[in-house]
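Enquirer: Please find input.cif (mmCIF, N, CA and C atoms) on the next line:
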data_structure
loop_
_atom_site.label_atom_id
_atom_site.label_comp_id
_atom_site.auth_asym_id
_atom_site.auth_seq_id
_atom_site.Cartn_x
_atom_site.Cartn_y
_atom_site.Cartn_z
N MET P 1007 12.91 -24.79 56.94
CA MET P 1007 14.32 -24.98 56.59
C MET P 1007 14.80 -26.30 57.20
N ALA P 1008 15.80 -26.87 56.58
CA ALA P 1008 16.30 -28.17 56.98
C ALA P 1008 16.88 -28.16 58.40
N LEU P 1009 16.70 -29.30 59.08
CA LEU P 1009 17.26 -29.50 60.42
C LEU P 1009 18.49 -30.38 60.28
N ILE P 1010 19.62 -29.90 60.81
CA ILE P 1010 20.88 -30.64 60.75
C ILE P 1010 21.33 -30.98 62.16
N LEU P 1011 21.59 -32.28 62.38
CA LEU P 1011 22.09 -32.75 63.67
C LEU P 1011 23.61 -32.82 63.60
N ILE P 1012 24.26 -32.12 64.53
CA ILE P 1012 25.72 -32.10 64.61
C ILE P 1012 26.13 -33.01 65.77
N VAL P 1013 26.93 -34.02 65.47
CA VAL P 1013 27.36 -34.97 66.49
C VAL P 1013 28.86 -34.85 66.68
N ASP P 1014 29.26 -34.34 67.85
CA ASP P 1014 30.68 -34.15 68.14
C ASP P 1014 30.84 -33.98 69.64
N ASP P 1015 31.89 -34.57 70.20
CA ASP P 1015 32.11 -34.46 71.64
C ASP P 1015 32.86 -33.18 72.01
N SER P 1016 33.21 -32.36 71.01
CA SER P 1016 33.87 -31.09 71.28
C SER P 1016 32.85 -29.96 71.19
N PRO P 1017 32.54 -29.31 72.33
CA PRO P 1017 31.59 -28.19 72.29
C PRO P 1017 32.03 -27.08 71.34
N THR P 1018 33.35 -26.89 71.20
CA THR P 1018 33.87 -25.87 70.30
C THR P 1018 33.53 -26.20 68.85
N GLU P 1019 33.77 -27.46 68.45
CA GLU P 1019 33.45 -27.89 67.08
C GLU P 1019 31.96 -27.71 66.81
N VAL P 1020 31.13 -28.13 67.76
CA VAL P 1020 29.68 -28.01 67.60
C VAL P 1020 29.30 -26.55 67.40
N HIS P 1021 29.86 -25.67 68.25
CA HIS P 1021 29.54 -24.24 68.18
C HIS P 1021 29.92 -23.65 66.82
N VAL P 1022 31.12 -23.96 66.35
CA VAL P 1022 31.60 -23.42 65.08
C VAL P 1022 30.70 -23.90 63.93
N MET P 1023 30.36 -25.19 63.93
CA MET P 1023 29.51 -25.73 62.87
C MET P 1023 28.10 -25.15 62.95
N GLN P 1024 27.57 -25.03 64.16
CA GLN P 1024 26.22 -24.45 64.32
C GLN P 1024 26.18 -23.02 63.78
N GLN P 1025 27.18 -22.23 64.12
CA GLN P 1025 27.22 -20.83 63.66
C GLN P 1025 27.22 -20.75 62.13
N ALA P 1026 28.05 -21.56 61.50
CA ALA P 1026 28.15 -21.54 60.04
C ALA P 1026 26.82 -21.96 59.40
N LEU P 1027 26.23 -23.02 59.92
CA LEU P 1027 24.98 -23.55 59.33
C LEU P 1027 23.80 -22.61 59.59
N GLU P 1028 23.70 -22.10 60.81
CA GLU P 1028 22.57 -21.22 61.15
C GLU P 1028 22.64 -19.90 60.38
N LYS P 1029 23.86 -19.44 60.10
CA LYS P 1029 24.04 -18.22 59.33
C LYS P 1029 23.46 -18.38 57.91
N HIS P 1030 23.42 -19.64 57.45
CA HIS P 1030 22.87 -19.92 56.12
C HIS P 1030 21.43 -20.41 56.19
N GLY P 1031 20.80 -20.20 57.36
CA GLY P 1031 19.37 -20.49 57.47
C GLY P 1031 18.99 -21.89 57.90
N TYR P 1032 19.97 -22.73 58.21
CA TYR P 1032 19.65 -24.08 58.67
C TYR P 1032 19.33 -24.08 60.15
N ARG P 1033 18.43 -24.98 60.55
CA ARG P 1033 18.18 -25.20 61.97
C ARG P 1033 19.15 -26.30 62.40
N THR P 1034 19.67 -26.21 63.63
CA THR P 1034 20.62 -27.22 64.09
C THR P 1034 20.23 -27.78 65.45
N ALA P 1035 20.71 -28.98 65.70
CA ALA P 1035 20.61 -29.62 67.00
C ALA P 1035 21.96 -30.29 67.21
N ALA P 1036 22.29 -30.63 68.45
CA ALA P 1036 23.59 -31.22 68.72
C ALA P 1036 23.47 -32.45 69.61
N ALA P 1037 24.43 -33.36 69.42
CA ALA P 1037 24.56 -34.54 70.27
C ALA P 1037 26.05 -34.71 70.57
N ALA P 1038 26.38 -35.11 71.80
CA ALA P 1038 27.78 -35.17 72.21
C ALA P 1038 28.45 -36.52 71.96
N ASP P 1039 27.66 -37.54 71.59
CA ASP P 1039 28.24 -38.85 71.29
C ASP P 1039 27.27 -39.65 70.43
N GLY P 1040 27.74 -40.83 70.01
CA GLY P 1040 26.93 -41.65 69.12
C GLY P 1040 25.62 -42.11 69.71
N ALA P 1041 25.61 -42.46 70.99
CA ALA P 1041 24.38 -42.94 71.63
C ALA P 1041 23.32 -41.83 71.64
N GLU P 1042 23.74 -40.62 72.00
CA GLU P 1042 22.80 -39.49 72.01
C GLU P 1042 22.32 -39.19 70.58
N ALA P 1043 23.23 -39.33 69.62
CA ALA P 1043 22.87 -39.09 68.22
C ALA P 1043 21.79 -40.08 67.75
N LEU P 1044 21.93 -41.34 68.12
CA LEU P 1044 20.94 -42.35 67.72
C LEU P 1044 19.57 -42.02 68.30
N ALA P 1045 19.55 -41.65 69.58
CA ALA P 1045 18.28 -41.32 70.24
C ALA P 1045 17.64 -40.08 69.60
N LYS P 1046 18.44 -39.04 69.38
CA LYS P 1046 17.91 -37.79 68.81
C LYS P 1046 17.46 -38.00 67.37
N ALA P 1047 18.19 -38.79 66.61
CA ALA P 1047 17.85 -39.01 65.20
C ALA P 1047 16.47 -39.67 65.08
N LYS P 1048 16.18 -40.62 65.98
CA LYS P 1048 14.89 -41.31 65.94
C LYS P 1048 13.73 -40.37 66.26
N VAL P 1049 13.95 -39.46 67.20
CA VAL P 1049 12.89 -38.55 67.65
C VAL P 1049 12.77 -37.34 66.73
N MET P 1050 13.90 -36.72 66.40
CA MET P 1050 13.88 -35.45 65.65
C MET P 1050 13.78 -35.62 64.14
N LYS P 1051 14.21 -36.77 63.64
CA LYS P 1051 14.24 -37.04 62.19
C LYS P 1051 14.91 -35.87 61.43
N PRO P 1052 16.20 -35.61 61.74
CA PRO P 1052 16.87 -34.50 61.06
C PRO P 1052 17.00 -34.79 59.55
N ASP P 1053 17.20 -33.74 58.78
CA ASP P 1053 17.34 -33.89 57.33
C ASP P 1053 18.75 -34.31 56.95
N LEU P 1054 19.70 -34.08 57.87
CA LEU P 1054 21.11 -34.39 57.62
C LEU P 1054 21.82 -34.51 58.96
N ILE P 1055 22.85 -35.36 59.00
CA ILE P 1055 23.66 -35.51 60.22
C ILE P 1055 25.14 -35.32 59.85
N PHE P 1056 25.82 -34.42 60.58
CA PHE P 1056 27.27 -34.31 60.50
C PHE P 1056 27.81 -35.10 61.70
N MET P 1057 28.60 -36.16 61.43
CA MET P 1057 29.01 -37.12 62.45
C MET P 1057 30.52 -37.16 62.64
N ASP P 1058 30.96 -36.85 63.86
CA ASP P 1058 32.36 -37.03 64.22
C ASP P 1058 32.60 -38.54 64.36
N VAL P 1059 33.86 -38.96 64.32
CA VAL P 1059 34.16 -40.39 64.48
C VAL P 1059 34.63 -40.70 65.89
N VAL P 1060 35.65 -39.98 66.37
CA VAL P 1060 36.26 -40.30 67.66
C VAL P 1060 35.48 -39.64 68.79
N MET P 1061 34.66 -40.46 69.46
CA MET P 1061 33.84 -39.99 70.59
C MET P 1061 33.78 -41.10 71.63
N PRO P 1062 33.52 -40.73 72.88
CA PRO P 1062 33.40 -41.75 73.92
C PRO P 1062 32.16 -42.61 73.69
N GLY P 1063 32.21 -43.85 74.18
CA GLY P 1063 31.04 -44.74 74.05
C GLY P 1063 30.86 -45.18 72.61
N VAL P 1064 29.70 -44.90 72.06
CA VAL P 1064 29.40 -45.27 70.67
C VAL P 1064 30.11 -44.28 69.75
N ASN P 1065 31.06 -44.78 68.94
CA ASN P 1065 31.79 -43.87 68.05
C ASN P 1065 30.98 -43.59 66.78
N GLY P 1066 31.49 -42.69 65.96
CA GLY P 1066 30.77 -42.27 64.76
C GLY P 1066 30.55 -43.39 63.75
N PHE P 1067 31.53 -44.27 63.60
CA PHE P 1067 31.36 -45.40 62.68
C PHE P 1067 30.21 -46.30 63.15
N GLN P 1068 30.20 -46.61 64.45
CA GLN P 1068 29.15 -47.47 65.01
C GLN P 1068 27.77 -46.81 64.88
N ALA P 1069 27.71 -45.52 65.21
CA ALA P 1069 26.42 -44.81 65.14
C ALA P 1069 25.91 -44.74 63.71
N THR P 1070 26.81 -44.48 62.77
CA THR P 1070 26.40 -44.40 61.35
C THR P 1070 25.88 -45.75 60.88
N ARG P 1071 26.55 -46.82 61.26
CA ARG P 1071 26.11 -48.17 60.88
C ARG P 1071 24.72 -48.46 61.44
N LYS P 1072 24.48 -48.07 62.70
CA LYS P 1072 23.17 -48.30 63.31
C LYS P 1072 22.08 -47.46 62.65
N LEU P 1073 22.40 -46.21 62.32
CA LEU P 1073 21.44 -45.34 61.64
C LEU P 1073 21.06 -45.93 60.28
N ALA P 1074 22.06 -46.43 59.56
CA ALA P 1074 21.84 -46.98 58.22
C ALA P 1074 21.03 -48.28 58.27
N ALA P 1075 21.13 -49.01 59.38
CA ALA P 1075 20.44 -50.29 59.50
C ALA P 1075 19.00 -50.15 60.01
N ASP P 1076 18.67 -48.99 60.60
CA ASP P 1076 17.35 -48.77 61.19
C ASP P 1076 16.39 -48.19 60.15
N PRO P 1077 15.25 -48.85 59.90
CA PRO P 1077 14.29 -48.35 58.92
C PRO P 1077 13.81 -46.92 59.22
N ASP P 1078 13.79 -46.54 60.50
CA ASP P 1078 13.35 -45.18 60.88
C ASP P 1078 14.35 -44.09 60.51
N THR P 1079 15.64 -44.46 60.40
CA THR P 1079 16.67 -43.44 60.20
C THR P 1079 17.53 -43.66 58.95
N ARG P 1080 17.33 -44.75 58.25
CA ARG P 1080 18.23 -45.08 57.13
C ARG P 1080 18.20 -44.06 56.00
N SER P 1081 17.12 -43.29 55.89
CA SER P 1081 17.05 -42.31 54.80
C SER P 1081 17.73 -40.98 55.13
N ILE P 1082 18.21 -40.83 56.37
CA ILE P 1082 18.89 -39.59 56.77
C ILE P 1082 20.35 -39.66 56.30
N PRO P 1083 20.77 -38.72 55.44
CA PRO P 1083 22.17 -38.76 55.01
C PRO P 1083 23.11 -38.39 56.16
N VAL P 1084 24.23 -39.11 56.23
CA VAL P 1084 25.24 -38.86 57.26
C VAL P 1084 26.55 -38.47 56.56
N ILE P 1085 27.11 -37.35 56.99
CA ILE P 1085 28.43 -36.92 56.50
C ILE P 1085 29.39 -37.01 57.67
N MET P 1086 30.44 -37.81 57.52
CA MET P 1086 31.45 -37.92 58.57
C MET P 1086 32.29 -36.64 58.55
N VAL P 1087 32.55 -36.09 59.75
CA VAL P 1087 33.42 -34.92 59.89
C VAL P 1087 34.42 -35.28 60.99
N THR P 1088 35.65 -35.58 60.60
CA THR P 1088 36.58 -36.17 61.55
C THR P 1088 38.03 -35.75 61.30
N SER P 1089 38.85 -35.94 62.32
CA SER P 1089 40.28 -35.69 62.16
C SER P 1089 40.99 -36.93 61.62
N LYS P 1090 40.27 -38.05 61.50
CA LYS P 1090 40.87 -39.28 60.97
C LYS P 1090 41.00 -39.12 59.45
N ASN P 1091 42.25 -38.92 58.99
CA ASN P 1091 42.44 -38.57 57.58
C ASN P 1091 43.05 -39.66 56.73
N GLN P 1092 43.05 -40.89 57.20
CA GLN P 1092 43.58 -41.99 56.40
C GLN P 1092 42.54 -42.45 55.37
N GLU P 1093 43.00 -42.87 54.23
CA GLU P 1093 42.09 -43.35 53.18
C GLU P 1093 41.26 -44.54 53.68
N THR P 1094 41.89 -45.41 54.51
CA THR P 1094 41.15 -46.56 55.04
C THR P 1094 39.99 -46.11 55.93
N ASP P 1095 40.18 -45.00 56.67
CA ASP P 1095 39.10 -44.47 57.50
C ASP P 1095 37.95 -43.98 56.63
N ARG P 1096 38.31 -43.27 55.54
CA ARG P 1096 37.29 -42.75 54.64
C ARG P 1096 36.47 -43.90 54.02
N ILE P 1097 37.18 -44.91 53.56
CA ILE P 1097 36.51 -46.07 52.95
C ILE P 1097 35.61 -46.74 53.99
N TRP P 1098 36.12 -46.92 55.20
CA TRP P 1098 35.34 -47.56 56.26
C TRP P 1098 34.09 -46.74 56.60
N GLY P 1099 34.24 -45.41 56.67
CA GLY P 1099 33.11 -44.54 56.94
C GLY P 1099 32.02 -44.66 55.88
N MET P 1100 32.43 -44.70 54.64
CA MET P 1100 31.47 -44.83 53.54
C MET P 1100 30.79 -46.20 53.59
N ARG P 1101 31.54 -47.23 53.96
CA ARG P 1101 30.96 -48.58 54.07
C ARG P 1101 29.92 -48.67 55.19
N GLN P 1102 30.05 -47.80 56.20
CA GLN P 1102 29.09 -47.83 57.31
C GLN P 1102 27.78 -47.16 56.92
N GLY P 1103 27.79 -46.43 55.79
CA GLY P 1103 26.57 -45.80 55.33
C GLY P 1103 26.67 -44.29 55.14
N ALA P 1104 27.85 -43.71 55.38
CA ALA P 1104 28.01 -42.26 55.19
C ALA P 1104 27.91 -41.91 53.70
N VAL P 1105 27.39 -40.71 53.42
CA VAL P 1105 27.29 -40.26 52.03
C VAL P 1105 28.49 -39.40 51.63
N ASP P 1106 29.26 -38.94 52.63
CA ASP P 1106 30.44 -38.13 52.35
C ASP P 1106 31.36 -38.19 53.56
N TYR P 1107 32.60 -37.75 53.39
CA TYR P 1107 33.60 -37.84 54.45
C TYR P 1107 34.49 -36.60 54.39
N LEU P 1108 34.45 -35.78 55.44
CA LEU P 1108 35.25 -34.56 55.51
C LEU P 1108 36.29 -34.68 56.60
N VAL P 1109 37.49 -34.15 56.33
CA VAL P 1109 38.57 -34.18 57.32
C VAL P 1109 38.70 -32.80 57.94
N LYS P 1110 38.69 -32.76 59.30
CA LYS P 1110 38.86 -31.50 60.04
C LYS P 1110 40.27 -30.98 59.84
N PRO P 1111 40.46 -29.67 59.85
CA PRO P 1111 39.42 -28.65 60.02
C PRO P 1111 38.65 -28.45 58.72
N VAL P 1112 37.35 -28.23 58.84
CA VAL P 1112 36.49 -28.03 57.68
C VAL P 1112 36.08 -26.56 57.65
N SER P 1113 36.26 -25.92 56.51
CA SER P 1113 35.88 -24.51 56.39
C SER P 1113 34.36 -24.39 56.40
N ALA P 1114 33.88 -23.23 56.79
CA ALA P 1114 32.44 -22.97 56.79
C ALA P 1114 31.88 -23.14 55.37
N ASP P 1115 32.61 -22.67 54.37
CA ASP P 1115 32.16 -22.79 52.98
C ASP P 1115 32.00 -24.25 52.57
N MET P 1116 32.98 -25.08 52.95
CA MET P 1116 32.91 -26.51 52.61
C MET P 1116 31.73 -27.17 53.33
N LEU P 1117 31.51 -26.80 54.58
CA LEU P 1117 30.40 -27.35 55.35
C LEU P 1117 29.07 -27.03 54.67
N ILE P 1118 28.89 -25.80 54.26
CA ILE P 1118 27.65 -25.37 53.62
C ILE P 1118 27.49 -26.08 52.26
N GLU P 1119 28.59 -26.14 51.52
CA GLU P 1119 28.56 -26.79 50.20
C GLU P 1119 28.12 -28.25 50.33
N LYS P 1120 28.71 -28.96 51.29
CA LYS P 1120 28.38 -30.37 51.48
C LYS P 1120 26.95 -30.55 52.00
N ALA P 1121 26.50 -29.63 52.86
CA ALA P 1121 25.13 -29.69 53.37
C ALA P 1121 24.15 -29.51 52.21
N GLN P 1122 24.41 -28.51 51.38
CA GLN P 1122 23.51 -28.25 50.25
C GLN P 1122 23.47 -29.44 49.30
N ALA P 1123 24.63 -30.03 49.03
CA ALA P 1123 24.69 -31.18 48.12
C ALA P 1123 23.92 -32.37 48.69
N ALA P 1124 24.11 -32.65 49.98
CA ALA P 1124 23.44 -33.80 50.60
C ALA P 1124 21.93 -33.58 50.69
N LEU P 1125 21.51 -32.34 50.95
CA LEU P 1125 20.09 -32.05 51.12
C LEU P 1125 19.35 -31.96 49.79
N SER P 1126 20.09 -31.70 48.71
CA SER P 1126 19.42 -31.62 47.41
C SER P 1126 19.27 -33.00 46.77
N GLY P 1127 19.81 -34.01 47.46
CA GLY P 1127 19.61 -35.38 47.03
C GLY P 1127 20.68 -35.83 46.09
#
Please express the file's structure as structure tokens.

Expert:
Amino acid sequence: MALILIVDDSPTEVHVMQQALEKHGYRTAAAADGAEALAKAKVMKPDLIFMDVVMPGVNGFQATRKLAADPDTRSIPVIMVTSKNQETDRIWGMRQGAVDYLVKPVSADMLIEKAQAALSG
């Protein structure tokens, strides 16, 4: 089953997303910030990454841009999951290499739907 990396500095958000995804048979891993996400993505090669934007250190936009630029990780789809709900944020996220952009709070159904869409190519 697919491995999904959840990147968020909120343990509560990570827990809620992990529960929803694991209930549908996905394996999950977590990273608390962009720097940890970059390191884990290179080693674990997840099938999909759910990326928060506002995090300490390397933010989600920066991490997504680095993932998209790295030959080892550029094929991993990244879906931004953030409280930043401005259209300019969405456009900027997509320009960094994200394949989709979700605004929190995200329902479990929406999370699963987007995961299935991204993983089916």

Enquirer: Do a neighbour search on segment 1035-1045 of chain P at 6.5 Å with only N, CA and C atoms, toss out local chain neighbours closer than 5 positions, and write the hits as a list in words.

Expert: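 Selected residues are Leu1009, Ile1010, Leu1011, Ile1012, Val1013, Asp1014, Asp1015, Ser1016, Met1050, Met1061, Pro1062, Gly1063, Val1064, Asn1065, Gly1066 and Ala1069 of chain P.
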
Enquirer: Mind telling me what the PyMOL selection byres ((chain P and resi 1102-1110) around 5) catches here, as an NGL selection string?

Expert: :P and (1070-1071 or 1084-1089 or 1098-1101 or 1111-1112)

Enquirer: With DSSP run on the backbone, what are the strand (DSSP E) residues within chain P? I'd like them as an MDAnalysis selection string.

Expert: chainID P and resid 1009:1013 1033:1037 1054:1057 1084:1088 1106:1109

Enquirer: Excluding same-chain residues fewer than 6 positions from segment 1027-1031 of chain P, what lies within 10 Å of it counting only C-alpha atoms, as a ChimeraX atom specification?

Expert: /P:1007-1010,1021,1114-1115,1117-1118,1121

Enquirer: List every residue of segment 1016-1051 of chain P that DSSP, applied to the backbone of this structure, places in alpha helix (DSSP H), and write the result as a list in words.

Expert: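 Of segment 1016-1051 of chain P, the ones in alpha helix (DSSP H) are Pro1017, Thr1018, Glu1019, Val1020, His1021, Val1022, Met1023, Gln1024, Gln1025, Ala1026, Leu1027, Glu1028, Lys1029, Gly1040, Ala1041, Glu1042, Ala1043, Leu1044, Ala1045, Lys1046, Ala1047, Lys1048, Val1049 and Met1050 of chain P.
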
Enquirer: Which of these, P:Thr1018, P:Ile1055, P:Arg1096, P:Asn1091, has the shortest distance to Lys1120 of chain P once you count only C-alpha atoms?

Expert: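 Between P:Thr1018, P:Ile1055, P:Arg1096, P:Asn1091, the residue approaching Lys1120 of chain P most closely is P:Ile1055.
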
Enquirer: Which centre and which edge lengths, in Å to one decimal, describe the axis-aligned box that holds all listed atoms of segment 1012-1017 of chain P after 3 Å is added on each side, as lines of an AutoDock Vina configuration file?

Expert:
center_x = 29.1
center_y = -31.0
center_z = 68.4
size_x = 15.6
size_y = 13.9
size_z = 13.8

Enquirer: Counting only C-alpha atoms, figure out which residue out of P:Ala1124, P:Thr1034, P:Lys1090, P:Gln1024 gets nearest to Val1059 of chain P.

Expert: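 Among the listed residues, P:Lys1090 lies closest to Val1059 of chain P.
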
Enquirer: Could you check how far atom C of Asp1078 of chain P sits from atom N of Ser1113 of chain P, in Å to one decimal?

Expert: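 Value for the atom C of Asp1078 of chain P-atom N of Ser1113 of chain P distance: 28.7 Å.
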
Enquirer: One decimal, Å: what's the distance from atom CA of Val1020 of chain P over to atom CA of Arg1033 of chain P, could you say?

Expert: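 One can read the atom CA of Val1020 of chain P to atom CA of Arg1033 of chain P distance as 13.1 Å.
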
Enquirer: What does the distance between atom C of Gly1127 of chain P and atom CA of Val1060 of chain P come to in Å, to one decimal place?

Expert: 27.0 Å

Enquirer: Kindly reconstruct segment 1039-1049 of chain P with all heavy atoms and present the result as a short mmCIF file (atom, residue, chain, number, x, y, z; two decimals), in the coordinates of the input.

Expert:
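rebuild-v4.cif written:
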data_model
loop_
_atom_site.label_atom_id
_atom_site.label_comp_id
_atom_site.auth_asym_id
_atom_site.auth_seq_id
_atom_site.Cartn_x
_atom_site.Cartn_y
_atom_site.Cartn_z
N ASP P 1039 27.66 -37.54 71.59
CA ASP P 1039 28.24 -38.85 71.29
C ASP P 1039 27.27 -39.65 70.43
O ASP P 1039 26.15 -39.22 70.16
CB ASP P 1039 28.60 -39.60 72.58
CG ASP P 1039 27.40 -39.80 73.50
OD1 ASP P 1039 26.31 -40.18 73.01
OD2 ASP P 1039 27.55 -39.58 74.70
N GLY P 1040 27.74 -40.83 70.01
CA GLY P 1040 26.93 -41.65 69.12
C GLY P 1040 25.62 -42.11 69.71
O GLY P 1040 24.59 -42.14 69.02
N ALA P 1041 25.61 -42.46 70.99
CA ALA P 1041 24.38 -42.94 71.63
C ALA P 1041 23.32 -41.83 71.64
O ALA P 1041 22.15 -42.07 71.32
CB ALA P 1041 24.67 -43.43 73.05
N GLU P 1042 23.74 -40.62 72.00
CA GLU P 1042 22.80 -39.49 72.01
C GLU P 1042 22.32 -39.19 70.58
O GLU P 1042 21.16 -38.87 70.35
CB GLU P 1042 23.48 -38.25 72.61
CG GLU P 1042 22.53 -37.08 72.78
CD GLU P 1042 23.19 -35.83 73.36
OE1 GLU P 1042 24.39 -35.88 73.75
OE2 GLU P 1042 22.51 -34.79 73.41
N ALA P 1043 23.23 -39.33 69.62
CA ALA P 1043 22.87 -39.09 68.22
C ALA P 1043 21.79 -40.08 67.75
O ALA P 1043 20.83 -39.68 67.08
CB ALA P 1043 24.10 -39.23 67.33
N LEU P 1044 21.93 -41.34 68.12
CA LEU P 1044 20.94 -42.35 67.72
C LEU P 1044 19.57 -42.02 68.30
O LEU P 1044 18.56 -42.10 67.61
CB LEU P 1044 21.41 -43.75 68.18
CG LEU P 1044 22.65 -44.28 67.46
CD1 LEU P 1044 23.19 -45.50 68.18
CD2 LEU P 1044 22.35 -44.59 66.00
N ALA P 1045 19.55 -41.65 69.58
CA ALA P 1045 18.28 -41.32 70.24
C ALA P 1045 17.64 -40.08 69.60
O ALA P 1045 16.44 -40.08 69.29
CB ALA P 1045 18.51 -41.09 71.73
N LYS P 1046 18.44 -39.04 69.38
CA LYS P 1046 17.91 -37.79 68.81
C LYS P 1046 17.46 -38.00 67.37
O LYS P 1046 16.46 -37.42 66.94
CB LYS P 1046 18.94 -36.67 68.91
CG LYS P 1046 19.05 -36.12 70.32
CD LYS P 1046 19.85 -34.82 70.38
CE LYS P 1046 19.74 -34.21 71.77
NZ LYS P 1046 20.48 -32.97 71.91
N ALA P 1047 18.19 -38.79 66.61
CA ALA P 1047 17.85 -39.01 65.20
C ALA P 1047 16.47 -39.67 65.08
O ALA P 1047 15.68 -39.32 64.22
CB ALA P 1047 18.91 -39.86 64.51
N LYS P 1048 16.18 -40.62 65.98
CA LYS P 1048 14.89 -41.31 65.94
C LYS P 1048 13.73 -40.37 66.26
O LYS P 1048 12.66 -40.46 65.67
CB LYS P 1048 14.87 -42.51 66.89
CG LYS P 1048 15.56 -43.73 66.34
CD LYS P 1048 15.45 -44.91 67.26
CE LYS P 1048 14.22 -45.73 67.02
NZ LYS P 1048 14.29 -46.66 65.90
N VAL P 1049 13.95 -39.46 67.20
CA VAL P 1049 12.89 -38.55 67.65
C VAL P 1049 12.77 -37.34 66.73
O VAL P 1049 11.67 -36.97 66.32
CB VAL P 1049 13.18 -38.08 69.10
CG1 VAL P 1049 12.19 -37.01 69.52
CG2 VAL P 1049 13.13 -39.26 70.05
#
